[in-house]
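So the structure is just underneath, and the comments pick up after that.
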Amino acid sequence: MSIPYLACILFLCVACLLSSSDAACMLCGPGFPELDERLSEAKSAVIDWLMREQRGDGSWPPASTAESVLGLQLADRGWLNGQDLNGRHLTKARLEYELLRYLVPQASADRAQVQERPVPDSNESGSRGRSRSESGSTERSSRGHGRHSSSSAERRSRGHGRHSSSSAERSSRGRGRPSTSASADRIEEVRTRQCGLQGFSRGAGTLGQYMLALQSVCCDTDDFYGVDLDRLMTRLLRDFPQENFNNFFQYSLAILSLCSQGSETNIPKRALRRLAVGSNRDDPCGSDPHSVDTLSMQVMAMVCARPQAMGRGLGEWEDIIDARVQCIVASQRADCSFGGNTITTALALQALSAVGAAPVVCPCDVTADFLLDVLDQEGYTRENATFTVHPSVGSIAQIIPIFNCNNFGSFANASIDCPNYDLAPAPFQPGDLTTSFKLLVDDGSTVIDYGVMIIQGESLYTGLLRLEDSDVGFTFGTLPSSFGRFLVSLNGVPSSSTDFTYWSIVEVEGGVEGLANSGIEGLFPVEDDCYIIRLTSYA
């Protein structure tokens, strides 16, 4: 780390990454209990407000579903497990529908281009350039800022337009074998078509948001209804800049969608170099009034991609991060804001937290107070408030990660609670033979007693599904394994590898407790059985 960097900023003794549990974060380090409490209260209020904004079809207005899911995940990793079963399905299905709505027309256009192009004769000479599918709508990179503007960073990563949806899988088939007389260029194009789409009309920034949101709800991005989104994103990075993908705010989101998956996804060295160069390597601070937003996203992306950059010998990586952080620090205003608005301030704080740095013009706690004061004035942090400005869902979704000491690069170290997506069992019918048993949930601080009814022969797992589908407020999360599903959370309380805790299953017989000899799918309660699911330490 450079000497000017050390002289310019202060370091925080706080880990601003997604941890195994969402304990109250200390944004400005220890010693600020009032600020910590205020941040925690604001986080809860804003999450509640954002959840209320979800529409009946599972979307968030205006076209802010991906941003909202991503913001909620970074603010509270257990938010989706807190929804009922239908709510989880609705949120996941809406994300998939929206992305498919954009992918399907693109797949049809790409397929038409490949099939309609005449196959050149093998004796034909001369070079041929490959055409790319044209983008649909123009993505905006200019933005206006008020104190809290809905035309902010979200518009850098979105275009507008509506497409009808059909089946993505169907559109990606019909891959004819190229003629043996086809040119090498034609063969390469067919191979490209076989590997996936050639473009994405909404731009890679929007695709990056959807990929991060899909990761939030535990959907694979390497096989999304037959489309390898990781491969598609790599191709879009190669073709930068192009229409709807022409600034480094979008470019950073694209990099984040890949580096968030860790070493499992390889980011091309060329793409990493381009991120490091940015729009103006010689003048990283730039003159663009919105450069702080872009610099902040670049810093978060560079920190996220640091392991891959170091592994590829990009030795100036840390120096470039330092230079960009200095630009962010120097941009703070006398009113303690960055850019004079909450979005830029929140993004700047996220970038500084990603490198463990603090503001200089105003102390960290005073800067955080500015952010909270504006949100409080506008009503976001007050229950049943009357808003003094028109609420912006997409803007709030970009702000709330900092309330949990997170940033858009935190997914690289995330521990995500994958919720249970299994459909609820069929409802009871007249004549069904039923079994009733007792279930105690002990999280170490409280014990909750539930009565559960199942159809005879159903498993404990089915009983948990039936209980969750009732109106008693019970929720649980599982992960698959070679030994069957195992519990990772109950009622929003996760197991934790950091705290060395797991959820154990105890059978009670004649008042005597004993560990169950099977998992939730291998236990079949009988009448008046009693089970305890207990958060247990293995330290």
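Naming works like this for the structure tokens: A, B, ... for the chains as they're shown, residue 1 at the start of each chain, ligands 1 onward in shown order.
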
Shell of 7 Å around Pro525 of chain A, only C-alpha atoms, local chain residues under 4 positions omitted, as a compact mmCIF listing (two decimals) with N, CA, C and O atoms, in the first residue's frame:
# COMPACT_ATOMS: atom_id res chain seq x y z
N PHE A 437 -47.56 -34.71 16.11
CA PHE A 437 -46.38 -34.80 16.98
C PHE A 437 -45.96 -33.41 17.42
O PHE A 437 -46.45 -32.39 16.89
N SER A 459 -42.54 -37.77 6.23
CA SER A 459 -41.30 -37.58 6.98
C SER A 459 -41.34 -36.32 7.82
O SER A 459 -42.23 -35.47 7.68
N LEU A 460 -40.33 -36.20 8.69
CA LEU A 460 -40.18 -34.98 9.48
C LEU A 460 -40.00 -33.78 8.55
O LEU A 460 -40.51 -32.68 8.82
N ASP A 529 -45.07 -38.41 19.03
CA ASP A 529 -43.61 -38.27 19.06
C ASP A 529 -43.24 -36.85 19.44
O ASP A 529 -44.02 -35.90 19.26

Using only C-alpha atoms, determine which residues lie at most 10 Å from Leu256 of chain A, disregarding the query and same-chain residues fewer than 5 positions distant; provide the list as a PyMOL selection string. chain A and resi 205+208-209+211-212+250-251+261+297-298+300-305+408-412

Residues near Glu96 of chain A, cut-off 12 Å, only C-alpha atoms, skip fewer than 2 positions along chain, as a PDB file with all heavy atoms, in the first residue's frame:
ATOM      1  N   GLY A  58     -44.563 -10.240  -7.528  1.00  0.00           N
ATOM      2  CA  GLY A  58     -43.201 -10.538  -7.105  1.00  0.00           C
ATOM      3  C   GLY A  58     -42.178  -9.506  -7.526  1.00  0.00           C
ATOM      4  O   GLY A  58     -41.009  -9.601  -7.130  1.00  0.00           O
ATOM      5  N   SER A  59     -42.570  -8.512  -8.307  1.00  0.00           N
ATOM      6  CA  SER A  59     -41.627  -7.512  -8.806  1.00  0.00           C
ATOM      7  C   SER A  59     -41.556  -6.313  -7.876  1.00  0.00           C
ATOM      8  O   SER A  59     -42.370  -6.149  -6.965  1.00  0.00           O
ATOM      9  CB  SER A  59     -42.039  -7.044 -10.204  1.00  0.00           C
ATOM     10  OG  SER A  59     -43.255  -6.301 -10.138  1.00  0.00           O
ATOM     11  N   THR A  65     -36.507  -5.058  -9.769  1.00  0.00           N
ATOM     12  CA  THR A  65     -36.521  -6.335  -9.056  1.00  0.00           C
ATOM     13  C   THR A  65     -35.114  -6.816  -8.731  1.00  0.00           C
ATOM     14  O   THR A  65     -34.817  -7.180  -7.587  1.00  0.00           O
ATOM     15  CB  THR A  65     -37.259  -7.398  -9.887  1.00  0.00           C
ATOM     16  OG1 THR A  65     -38.578  -6.937 -10.182  1.00  0.00           O
ATOM     17  CG2 THR A  65     -37.349  -8.709  -9.123  1.00  0.00           C
ATOM     18  N   ALA A  66     -34.229  -6.822  -9.724  1.00  0.00           N
ATOM     19  CA  ALA A  66     -32.870  -7.316  -9.487  1.00  0.00           C
ATOM     20  C   ALA A  66     -32.152  -6.464  -8.457  1.00  0.00           C
ATOM     21  O   ALA A  66     -31.494  -6.991  -7.546  1.00  0.00           O
ATOM     22  CB  ALA A  66     -32.084  -7.348 -10.799  1.00  0.00           C
ATOM     23  N   HIS A  89     -41.059 -18.527  -3.666  1.00  0.00           N
ATOM     24  CA  HIS A  89     -41.276 -18.976  -5.038  1.00  0.00           C
ATOM     25  C   HIS A  89     -41.586 -17.800  -5.956  1.00  0.00           C
ATOM     26  O   HIS A  89     -41.094 -17.733  -7.081  1.00  0.00           O
ATOM     27  CB  HIS A  89     -42.420 -19.985  -5.084  1.00  0.00           C
ATOM     28  CG  HIS A  89     -42.016 -21.375  -4.752  1.00  0.00           C
ATOM     29  ND1 HIS A  89     -41.314 -22.186  -5.616  1.00  0.00           N
ATOM     30  CD2 HIS A  89     -42.204 -22.121  -3.625  1.00  0.00           C
ATOM     31  CE1 HIS A  89     -41.095 -23.363  -5.053  1.00  0.00           C
ATOM     32  NE2 HIS A  89     -41.611 -23.343  -3.847  1.00  0.00           N
ATOM     33  N   LEU A  90     -42.391 -16.864  -5.460  1.00  0.00           N
ATOM     34  CA  LEU A  90     -42.795 -15.725  -6.277  1.00  0.00           C
ATOM     35  C   LEU A  90     -41.592 -14.847  -6.616  1.00  0.00           C
ATOM     36  O   LEU A  90     -41.417 -14.428  -7.768  1.00  0.00           O
ATOM     37  CB  LEU A  90     -43.862 -14.911  -5.543  1.00  0.00           C
ATOM     38  CG  LEU A  90     -44.562 -13.818  -6.355  1.00  0.00           C
ATOM     39  CD1 LEU A  90     -45.330 -14.431  -7.517  1.00  0.00           C
ATOM     40  CD2 LEU A  90     -45.515 -13.030  -5.450  1.00  0.00           C
ATOM     41  N   THR A  91     -40.743 -14.576  -5.617  1.00  0.00           N
ATOM     42  CA  THR A  91     -39.567 -13.737  -5.848  1.00  0.00           C
ATOM     43  C   THR A  91     -38.616 -14.390  -6.841  1.00  0.00           C
ATOM     44  O   THR A  91     -38.139 -13.765  -7.788  1.00  0.00           O
ATOM     45  CB  THR A  91     -38.843 -13.462  -4.523  1.00  0.00           C
ATOM     46  OG1 THR A  91     -39.722 -12.770  -3.631  1.00  0.00           O
ATOM     47  CG2 THR A  91     -37.604 -12.618  -4.750  1.00  0.00           C
ATOM     48  N   LYS A  92     -38.333 -15.660  -6.636  1.00  0.00           N
ATOM     49  CA  LYS A  92     -37.418 -16.386  -7.527  1.00  0.00           C
ATOM     50  C   LYS A  92     -37.992 -16.479  -8.934  1.00  0.00           C
ATOM     51  O   LYS A  92     -37.289 -16.237  -9.935  1.00  0.00           O
ATOM     52  CB  LYS A  92     -37.161 -17.779  -6.963  1.00  0.00           C
ATOM     53  CG  LYS A  92     -36.257 -18.678  -7.806  1.00  0.00           C
ATOM     54  CD  LYS A  92     -35.979 -19.965  -7.057  1.00  0.00           C
ATOM     55  CE  LYS A  92     -35.141 -20.944  -7.877  1.00  0.00           C
ATOM     56  NZ  LYS A  92     -35.954 -21.577  -8.939  1.00  0.00           N
ATOM     57  N   ALA A  93     -39.274 -16.797  -9.037  1.00  0.00           N
ATOM     58  CA  ALA A  93     -39.897 -16.937 -10.347  1.00  0.00           C
ATOM     59  C   ALA A  93     -39.923 -15.609 -11.088  1.00  0.00           C
ATOM     60  O   ALA A  93     -39.748 -15.567 -12.315  1.00  0.00           O
ATOM     61  CB  ALA A  93     -41.315 -17.489 -10.201  1.00  0.00           C
ATOM     62  N   ARG A  94     -40.136 -14.511 -10.371  1.00  0.00           N
ATOM     63  CA  ARG A  94     -40.173 -13.206 -11.023  1.00  0.00           C
ATOM     64  C   ARG A  94     -38.804 -12.833 -11.589  1.00  0.00           C
ATOM     65  O   ARG A  94     -38.704 -12.322 -12.708  1.00  0.00           O
ATOM     66  CB  ARG A  94     -40.628 -12.134 -10.033  1.00  0.00           C
ATOM     67  CG  ARG A  94     -40.711 -10.746 -10.640  1.00  0.00           C
ATOM     68  CD  ARG A  94     -41.824 -10.653 -11.666  1.00  0.00           C
ATOM     69  NE  ARG A  94     -41.669  -9.495 -12.540  1.00  0.00           N
ATOM     70  CZ  ARG A  94     -42.605  -9.061 -13.381  1.00  0.00           C
ATOM     71  NH1 ARG A  94     -43.763  -9.692 -13.449  1.00  0.00           N
ATOM     72  NH2 ARG A  94     -42.391  -8.029 -14.146  1.00  0.00           N
ATOM     73  N   GLU A  98     -38.212 -12.213 -15.590  1.00  0.00           N
ATOM     74  CA  GLU A  98     -37.711 -10.963 -16.142  1.00  0.00           C
ATOM     75  C   GLU A  98     -36.466 -11.193 -16.992  1.00  0.00           C
ATOM     76  O   GLU A  98     -36.328 -10.625 -18.083  1.00  0.00           O
ATOM     77  CB  GLU A  98     -37.415  -9.975 -15.021  1.00  0.00           C
ATOM     78  CG  GLU A  98     -38.659  -9.425 -14.341  1.00  0.00           C
ATOM     79  CD  GLU A  98     -38.336  -8.331 -13.345  1.00  0.00           C
ATOM     80  OE1 GLU A  98     -37.164  -7.905 -13.273  1.00  0.00           O
ATOM     81  OE2 GLU A  98     -39.262  -7.883 -12.638  1.00  0.00           O
ATOM     82  N   LEU A  99     -35.545 -12.020 -16.495  1.00  0.00           N
ATOM     83  CA  LEU A  99     -34.333 -12.266 -17.265  1.00  0.00           C
ATOM     84  C   LEU A  99     -34.639 -13.044 -18.541  1.00  0.00           C
ATOM     85  O   LEU A  99     -34.099 -12.742 -19.618  1.00  0.00           O
ATOM     86  CB  LEU A  99     -33.311 -13.024 -16.409  1.00  0.00           C
ATOM     87  CG  LEU A  99     -31.938 -13.246 -17.039  1.00  0.00           C
ATOM     88  CD1 LEU A  99     -31.341 -11.945 -17.569  1.00  0.00           C
ATOM     89  CD2 LEU A  99     -30.986 -13.889 -16.041  1.00  0.00           C
ATOM     90  N   LEU A 100     -35.519 -14.041 -18.457  1.00  0.00           N
ATOM     91  CA  LEU A 100     -35.911 -14.785 -19.653  1.00  0.00           C
ATOM     92  C   LEU A 100     -36.595 -13.873 -20.669  1.00  0.00           C
ATOM     93  O   LEU A 100     -36.439 -14.039 -21.881  1.00  0.00           O
ATOM     94  CB  LEU A 100     -36.844 -15.940 -19.275  1.00  0.00           C
ATOM     95  CG  LEU A 100     -36.185 -17.153 -18.620  1.00  0.00           C
ATOM     96  CD1 LEU A 100     -37.248 -18.088 -18.055  1.00  0.00           C
ATOM     97  CD2 LEU A 100     -35.295 -17.894 -19.605  1.00  0.00           C
ATOM     98  N   ARG A 101     -37.319 -12.901 -20.188  1.00  0.00           N
ATOM     99  CA  ARG A 101     -38.010 -11.961 -21.076  1.00  0.00           C
ATOM    100  C   ARG A 101     -37.024 -11.194 -21.953  1.00  0.00           C
ATOM    101  O   ARG A 101     -37.333 -10.805 -23.070  1.00  0.00           O
ATOM    102  CB  ARG A 101     -38.830 -10.981 -20.236  1.00  0.00           C
ATOM    103  CG  ARG A 101     -39.711 -10.046 -21.038  1.00  0.00           C
ATOM    104  CD  ARG A 101     -40.515  -9.157 -20.115  1.00  0.00           C
ATOM    105  NE  ARG A 101     -39.662  -8.307 -19.305  1.00  0.00           N
ATOM    106  CZ  ARG A 101     -40.130  -7.474 -18.369  1.00  0.00           C
ATOM    107  NH1 ARG A 101     -41.418  -7.441 -18.116  1.00  0.00           N
ATOM    108  NH2 ARG A 101     -39.305  -6.719 -17.680  1.00  0.00           N
ATOM    109  N   TYR A 102     -35.814 -10.970 -21.422  1.00  0.00           N
ATOM    110  CA  TYR A 102     -34.786 -10.285 -22.201  1.00  0.00           C
ATOM    111  C   TYR A 102     -33.942 -11.265 -23.013  1.00  0.00           C
ATOM    112  O   TYR A 102     -33.466 -10.928 -24.098  1.00  0.00           O
ATOM    113  CB  TYR A 102     -33.869  -9.484 -21.271  1.00  0.00           C
ATOM    114  CG  TYR A 102     -34.599  -8.508 -20.390  1.00  0.00           C
ATOM    115  CD1 TYR A 102     -34.298  -8.400 -19.036  1.00  0.00           C
ATOM    116  CD2 TYR A 102     -35.609  -7.702 -20.899  1.00  0.00           C
ATOM    117  CE1 TYR A 102     -34.976  -7.509 -18.218  1.00  0.00           C
ATOM    118  CE2 TYR A 102     -36.296  -6.818 -20.088  1.00  0.00           C
ATOM    119  CZ  TYR A 102     -35.974  -6.723 -18.748  1.00  0.00           C
ATOM    120  OH  TYR A 102     -36.649  -5.850 -17.950  1.00  0.00           O
ATOM    121  N   LEU A 103     -33.751 -12.463 -22.480  1.00  0.00           N
ATOM    122  CA  LEU A 103     -32.878 -13.422 -23.161  1.00  0.00           C
ATOM    123  C   LEU A 103     -33.520 -14.029 -24.395  1.00  0.00           C
ATOM    124  O   LEU A 103     -32.859 -14.250 -25.407  1.00  0.00           O
ATOM    125  CB  LEU A 103     -32.488 -14.550 -22.205  1.00  0.00           C
ATOM    126  CG  LEU A 103     -31.487 -14.220 -21.101  1.00  0.00           C
ATOM    127  CD1 LEU A 103     -31.357 -15.396 -20.147  1.00  0.00           C
ATOM    128  CD2 LEU A 103     -30.124 -13.874 -21.691  1.00  0.00           C
ATOM    129  N   VAL A 104     -34.823 -14.318 -24.336  1.00  0.00           N
ATOM    130  CA  VAL A 104     -35.466 -15.052 -25.415  1.00  0.00           C
ATOM    131  C   VAL A 104     -35.440 -14.282 -26.735  1.00  0.00           C
ATOM    132  O   VAL A 104     -35.039 -14.829 -27.764  1.00  0.00           O
ATOM    133  CB  VAL A 104     -36.906 -15.446 -25.029  1.00  0.00           C
ATOM    134  CG1 VAL A 104     -37.656 -15.984 -26.240  1.00  0.00           C
ATOM    135  CG2 VAL A 104     -36.879 -16.491 -23.927  1.00  0.00           C
ATOM    136  N   SER A 165     -42.239 -12.910 -23.928  1.00  0.00           N
ATOM    137  CA  SER A 165     -41.427 -14.047 -23.510  1.00  0.00           C
ATOM    138  C   SER A 165     -41.948 -15.331 -24.128  1.00  0.00           C
ATOM    139  O   SER A 165     -43.118 -15.495 -24.393  1.00  0.00           O
ATOM    140  CB  SER A 165     -41.446 -14.172 -21.980  1.00  0.00           C
ATOM    141  OG  SER A 165     -42.736 -14.452 -21.550  1.00  0.00           O
ATOM    142  N   SER A 167     -40.042 -19.637 -24.661  1.00  0.00           N
ATOM    143  CA  SER A 167     -39.134 -20.572 -23.997  1.00  0.00           C
ATOM    144  C   SER A 167     -37.700 -20.343 -24.409  1.00  0.00           C
ATOM    145  O   SER A 167     -37.353 -20.434 -25.565  1.00  0.00           O
ATOM    146  CB  SER A 167     -39.542 -22.009 -24.329  1.00  0.00           C
ATOM    147  OG  SER A 167     -38.534 -22.887 -23.933  1.00  0.00           O
ATOM    148  N   ALA A 168     -36.815 -20.050 -23.414  1.00  0.00           N
ATOM    149  CA  ALA A 168     -35.403 -19.835 -23.716  1.00  0.00           C
ATOM    150  C   ALA A 168     -34.751 -21.106 -24.212  1.00  0.00           C
ATOM    151  O   ALA A 168     -33.884 -21.079 -25.070  1.00  0.00           O
ATOM    152  CB  ALA A 168     -34.674 -19.323 -22.471  1.00  0.00           C
ATOM    153  N   LEU A 207     -27.345  -7.219 -16.969  1.00  0.00           N
ATOM    154  CA  LEU A 207     -27.133  -8.660 -16.815  1.00  0.00           C
ATOM    155  C   LEU A 207     -26.361  -8.948 -15.539  1.00  0.00           C
ATOM    156  O   LEU A 207     -26.673  -9.917 -14.821  1.00  0.00           O
ATOM    157  CB  LEU A 207     -26.376  -9.209 -18.024  1.00  0.00           C
ATOM    158  CG  LEU A 207     -26.062 -10.709 -17.982  1.00  0.00           C
ATOM    159  CD1 LEU A 207     -27.342 -11.536 -17.917  1.00  0.00           C
ATOM    160  CD2 LEU A 207     -25.227 -11.122 -19.194  1.00  0.00           C
ATOM    161  N   TYR A 210     -28.701  -8.892 -12.599  1.00  0.00           N
ATOM    162  CA  TYR A 210     -29.530 -10.095 -12.540  1.00  0.00           C
ATOM    163  C   TYR A 210     -28.720 -11.303 -12.090  1.00  0.00           C
ATOM    164  O   TYR A 210     -29.214 -12.153 -11.330  1.00  0.00           O
ATOM    165  CB  TYR A 210     -30.184 -10.359 -13.895  1.00  0.00           C
ATOM    166  CG  TYR A 210     -31.483  -9.611 -14.074  1.00  0.00           C
ATOM    167  CD1 TYR A 210     -31.536  -8.426 -14.793  1.00  0.00           C
ATOM    168  CD2 TYR A 210     -32.662 -10.070 -13.497  1.00  0.00           C
ATOM    169  CE1 TYR A 210     -32.724  -7.722 -14.944  1.00  0.00           C
ATOM    170  CE2 TYR A 210     -33.859  -9.388 -13.634  1.00  0.00           C
ATOM    171  CZ  TYR A 210     -33.876  -8.205 -14.358  1.00  0.00           C
ATOM    172  OH  TYR A 210     -35.050  -7.518 -14.495  1.00  0.00           O
ATOM    173  N   MET A 211     -27.483 -11.412 -12.540  1.00  0.00           N
ATOM    174  CA  MET A 211     -26.648 -12.544 -12.119  1.00  0.00           C
ATOM    175  C   MET A 211     -26.384 -12.499 -10.618  1.00  0.00           C
ATOM    176  O   MET A 211     -26.439 -13.531  -9.929  1.00  0.00           O
ATOM    177  CB  MET A 211     -25.344 -12.542 -12.901  1.00  0.00           C
ATOM    178  CG  MET A 211     -25.504 -12.949 -14.359  1.00  0.00           C
ATOM    179  SD  MET A 211     -23.984 -12.777 -15.333  1.00  0.00           S
ATOM    180  CE  MET A 211     -22.912 -13.990 -14.508  1.00  0.00           C
ATOM    181  N   ALA A 213     -28.318 -11.039  -8.410  1.00  0.00           N
ATOM    182  CA  ALA A 213     -29.599 -11.317  -7.762  1.00  0.00           C
ATOM    183  C   ALA A 213     -29.921 -12.808  -7.800  1.00  0.00           C
ATOM    184  O   ALA A 213     -30.436 -13.367  -6.823  1.00  0.00           O
ATOM    185  CB  ALA A 213     -30.712 -10.507  -8.430  1.00  0.00           C
ATOM    186  N   LEU A 214     -29.613 -13.468  -8.920  1.00  0.00           N
ATOM    187  CA  LEU A 214     -29.845 -14.913  -9.001  1.00  0.00           C
ATOM    188  C   LEU A 214     -29.003 -15.665  -7.985  1.00  0.00           C
ATOM    189  O   LEU A 214     -29.459 -16.631  -7.367  1.00  0.00           O
ATOM    190  CB  LEU A 214     -29.528 -15.407 -10.418  1.00  0.00           C
ATOM    191  CG  LEU A 214     -30.533 -15.042 -11.511  1.00  0.00           C
ATOM    192  CD1 LEU A 214     -29.989 -15.402 -12.879  1.00  0.00           C
ATOM    193  CD2 LEU A 214     -31.875 -15.730 -11.284  1.00  0.00           C
ATOM    194  N   GLN A 215     -27.747 -15.225  -7.802  1.00  0.00           N
ATOM    195  CA  GLN A 215     -26.909 -15.835  -6.774  1.00  0.00           C
ATOM    196  C   GLN A 215     -27.528 -15.638  -5.390  1.00  0.00           C
ATOM    197  O   GLN A 215     -27.418 -16.495  -4.516  1.00  0.00           O
ATOM    198  CB  GLN A 215     -25.509 -15.233  -6.823  1.00  0.00           C
ATOM    199  CG  GLN A 215     -24.736 -15.557  -8.087  1.00  0.00           C
ATOM    200  CD  GLN A 215     -23.456 -14.756  -8.212  1.00  0.00           C
ATOM    201  OE1 GLN A 215     -22.730 -14.559  -7.232  1.00  0.00           O
ATOM    202  NE2 GLN A 215     -23.165 -14.278  -9.401  1.00  0.00           N
ATOM    203  N   VAL A 217     -30.610 -15.704  -4.589  1.00  0.00           N
ATOM    204  CA  VAL A 217     -31.694 -16.659  -4.346  1.00  0.00           C
ATOM    205  C   VAL A 217     -31.264 -18.081  -4.721  1.00  0.00           C
ATOM    206  O   VAL A 217     -32.094 -18.957  -4.947  1.00  0.00           O
ATOM    207  CB  VAL A 217     -32.973 -16.255  -5.116  1.00  0.00           C
ATOM    208  CG1 VAL A 217     -33.494 -14.924  -4.623  1.00  0.00           C
ATOM    209  CG2 VAL A 217     -32.733 -16.211  -6.626  1.00  0.00           C
ATOM    210  N   CYS A 218     -29.920 -18.287  -4.773  1.00  0.00           N
ATOM    211  CA  CYS A 218     -29.347 -19.622  -4.945  1.00  0.00           C
ATOM    212  C   CYS A 218     -29.693 -20.266  -6.287  1.00  0.00           C
ATOM    213  O   CYS A 218     -29.984 -21.469  -6.359  1.00  0.00           O
ATOM    214  CB  CYS A 218     -29.761 -20.539  -3.793  1.00  0.00           C
ATOM    215  SG  CYS A 218     -29.254 -19.930  -2.172  1.00  0.00           S
ATOM    216  N   CYS A 219     -29.671 -19.465  -7.362  1.00  0.00           N
ATOM    217  CA  CYS A 219     -29.849 -19.987  -8.711  1.00  0.00           C
ATOM    218  C   CYS A 219     -28.496 -20.048  -9.409  1.00  0.00           C
ATOM    219  O   CYS A 219     -27.692 -19.118  -9.280  1.00  0.00           O
ATOM    220  CB  CYS A 219     -30.791 -19.097  -9.523  1.00  0.00           C
ATOM    221  SG  CYS A 219     -32.515 -19.185  -9.015  1.00  0.00           S
ATOM    222  N   ASP A 220     -28.248 -21.098 -10.150  1.00  0.00           N
ATOM    223  CA  ASP A 220     -27.003 -21.229 -10.888  1.00  0.00           C
ATOM    224  C   ASP A 220     -26.982 -20.260 -12.067  1.00  0.00           C
ATOM    225  O   ASP A 220     -27.987 -20.095 -12.765  1.00  0.00           O
ATOM    226  CB  ASP A 220     -26.831 -22.660 -11.412  1.00  0.00           C
ATOM    227  CG  ASP A 220     -26.608 -23.655 -10.293  1.00  0.00           C
ATOM    228  OD1 ASP A 220     -26.058 -23.252  -9.250  1.00  0.00           O
ATOM    229  OD2 ASP A 220     -26.983 -24.830 -10.463  1.00  0.00           O
ATOM    230  N   THR A 221     -25.846 -19.644 -12.297  1.00  0.00           N
ATOM    231  CA  THR A 221     -25.703 -18.755 -13.451  1.00  0.00           C
ATOM    232  C   THR A 221     -25.002 -19.434 -14.620  1.00  0.00           C
ATOM    233  O   THR A 221     -24.976 -18.884 -15.717  1.00  0.00           O
ATOM    234  CB  THR A 221     -24.919 -17.486 -13.060  1.00  0.00           C
ATOM    235  OG1 THR A 221     -23.649 -17.861 -12.507  1.00  0.00           O
ATOM    236  CG2 THR A 221     -25.686 -16.666 -12.042  1.00  0.00           C
ATOM    237  N   PHE A 224     -28.591 -21.410 -16.787  1.00  0.00           N
ATOM    238  CA  PHE A 224     -29.870 -20.753 -16.556  1.00  0.00           C
ATOM    239  C   PHE A 224     -30.792 -21.097 -17.721  1.00  0.00           C
ATOM    240  O   PHE A 224     -30.739 -20.496 -18.774  1.00  0.00           O
ATOM    241  CB  PHE A 224     -29.669 -19.237 -16.451  1.00  0.00           C
ATOM    242  CG  PHE A 224     -30.950 -18.467 -16.219  1.00  0.00           C
ATOM    243  CD1 PHE A 224     -31.582 -18.494 -14.984  1.00  0.00           C
ATOM    244  CD2 PHE A 224     -31.512 -17.717 -17.240  1.00  0.00           C
ATOM    245  CE1 PHE A 224     -32.761 -17.793 -14.770  1.00  0.00           C
ATOM    246  CE2 PHE A 224     -32.686 -17.012 -17.045  1.00  0.00           C
ATOM    247  CZ  PHE A 224     -33.309 -17.050 -15.795  1.00  0.00           C
ATOM    248  N   TYR A 225     -31.603 -22.120 -17.522  1.00  0.00           N
ATOM    249  CA  TYR A 225     -32.496 -22.619 -18.571  1.00  0.00           C
ATOM    250  C   TYR A 225     -31.723 -22.873 -19.864  1.00  0.00           C
ATOM    251  O   TYR A 225     -32.152 -22.526 -20.961  1.00  0.00           O
ATOM    252  CB  TYR A 225     -33.657 -21.646 -18.809  1.00  0.00           C
ATOM    253  CG  TYR A 225     -34.618 -21.590 -17.651  1.00  0.00           C
ATOM    254  CD1 TYR A 225     -34.426 -20.679 -16.616  1.00  0.00           C
ATOM    255  CD2 TYR A 225     -35.706 -22.460 -17.569  1.00  0.00           C
ATOM    256  CE1 TYR A 225     -35.290 -20.628 -15.531  1.00  0.00           C
ATOM    257  CE2 TYR A 225     -36.584 -22.417 -16.499  1.00  0.00           C
ATOM    258  CZ  TYR A 225     -36.357 -21.502 -15.469  1.00  0.00           C
ATOM    259  OH  TYR A 225     -37.219 -21.457 -14.392  1.00  0.00           O
TER     260      TYR A 225
END

Using only C-alpha atoms for the distances, tell me which of A:Thr206, A:Ser257, A:Thr342, A:Asn86 is nearest to Asn244 of chain A.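 Among the listed residues, the smallest separation from Asn244 of chain A belongs to A:Thr206.
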
Extract, using only C-alpha atoms, all DNA, RNA and protein residues at most 8 Å from Val366 of chain A, discarding same-chain residues fewer than 4 positions from it, and format them as a ChimeraX atom specification. /A:336,362,370

With all heavy atoms kept, could you save the residues just selected as a short mmCIF file (atom, residue, chain, number, x, y, z; two decimals), in the first residue's frame?
data_model
loop_
_atom_site.label_atom_id
_atom_site.label_comp_id
_atom_site.auth_asym_id
_atom_site.auth_seq_id
_atom_site.Cartn_x
_atom_site.Cartn_y
_atom_site.Cartn_z
N CYS A 336 -20.27 16.97 4.57
CA CYS A 336 -19.95 15.57 4.91
C CYS A 336 -20.51 14.56 3.91
O CYS A 336 -20.36 13.35 4.10
CB CYS A 336 -20.43 15.20 6.32
SG CYS A 336 -19.62 16.17 7.60
N CYS A 362 -14.76 14.64 6.93
CA CYS A 362 -15.59 14.45 8.11
C CYS A 362 -15.31 13.06 8.66
O CYS A 362 -15.08 12.12 7.90
CB CYS A 362 -17.08 14.56 7.78
SG CYS A 362 -17.61 16.17 7.19
N PHE A 370 -24.89 11.98 8.34
CA PHE A 370 -25.47 12.70 7.20
C PHE A 370 -26.39 11.78 6.41
O PHE A 370 -27.52 12.15 6.07
CB PHE A 370 -24.36 13.22 6.27
CG PHE A 370 -24.86 13.61 4.90
CD1 PHE A 370 -25.42 14.86 4.69
CD2 PHE A 370 -24.82 12.72 3.84
CE1 PHE A 370 -25.92 15.22 3.44
CE2 PHE A 370 -25.31 13.06 2.59
CZ PHE A 370 -25.86 14.32 2.38
#

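Distance-wise, atom CA of Ile47 of chain A and atom CA of Asp442 of chain A end up 26.2 Å apart.
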
Could you give me, as JSON, numbers by chain, each residue of segment 451-483 of chain A that DSSP assigns to strand (DSSP E or B) when run on this structure's backbone? {"A": [451, 452, 453, 454, 455, 476, 477, 478, 479]}
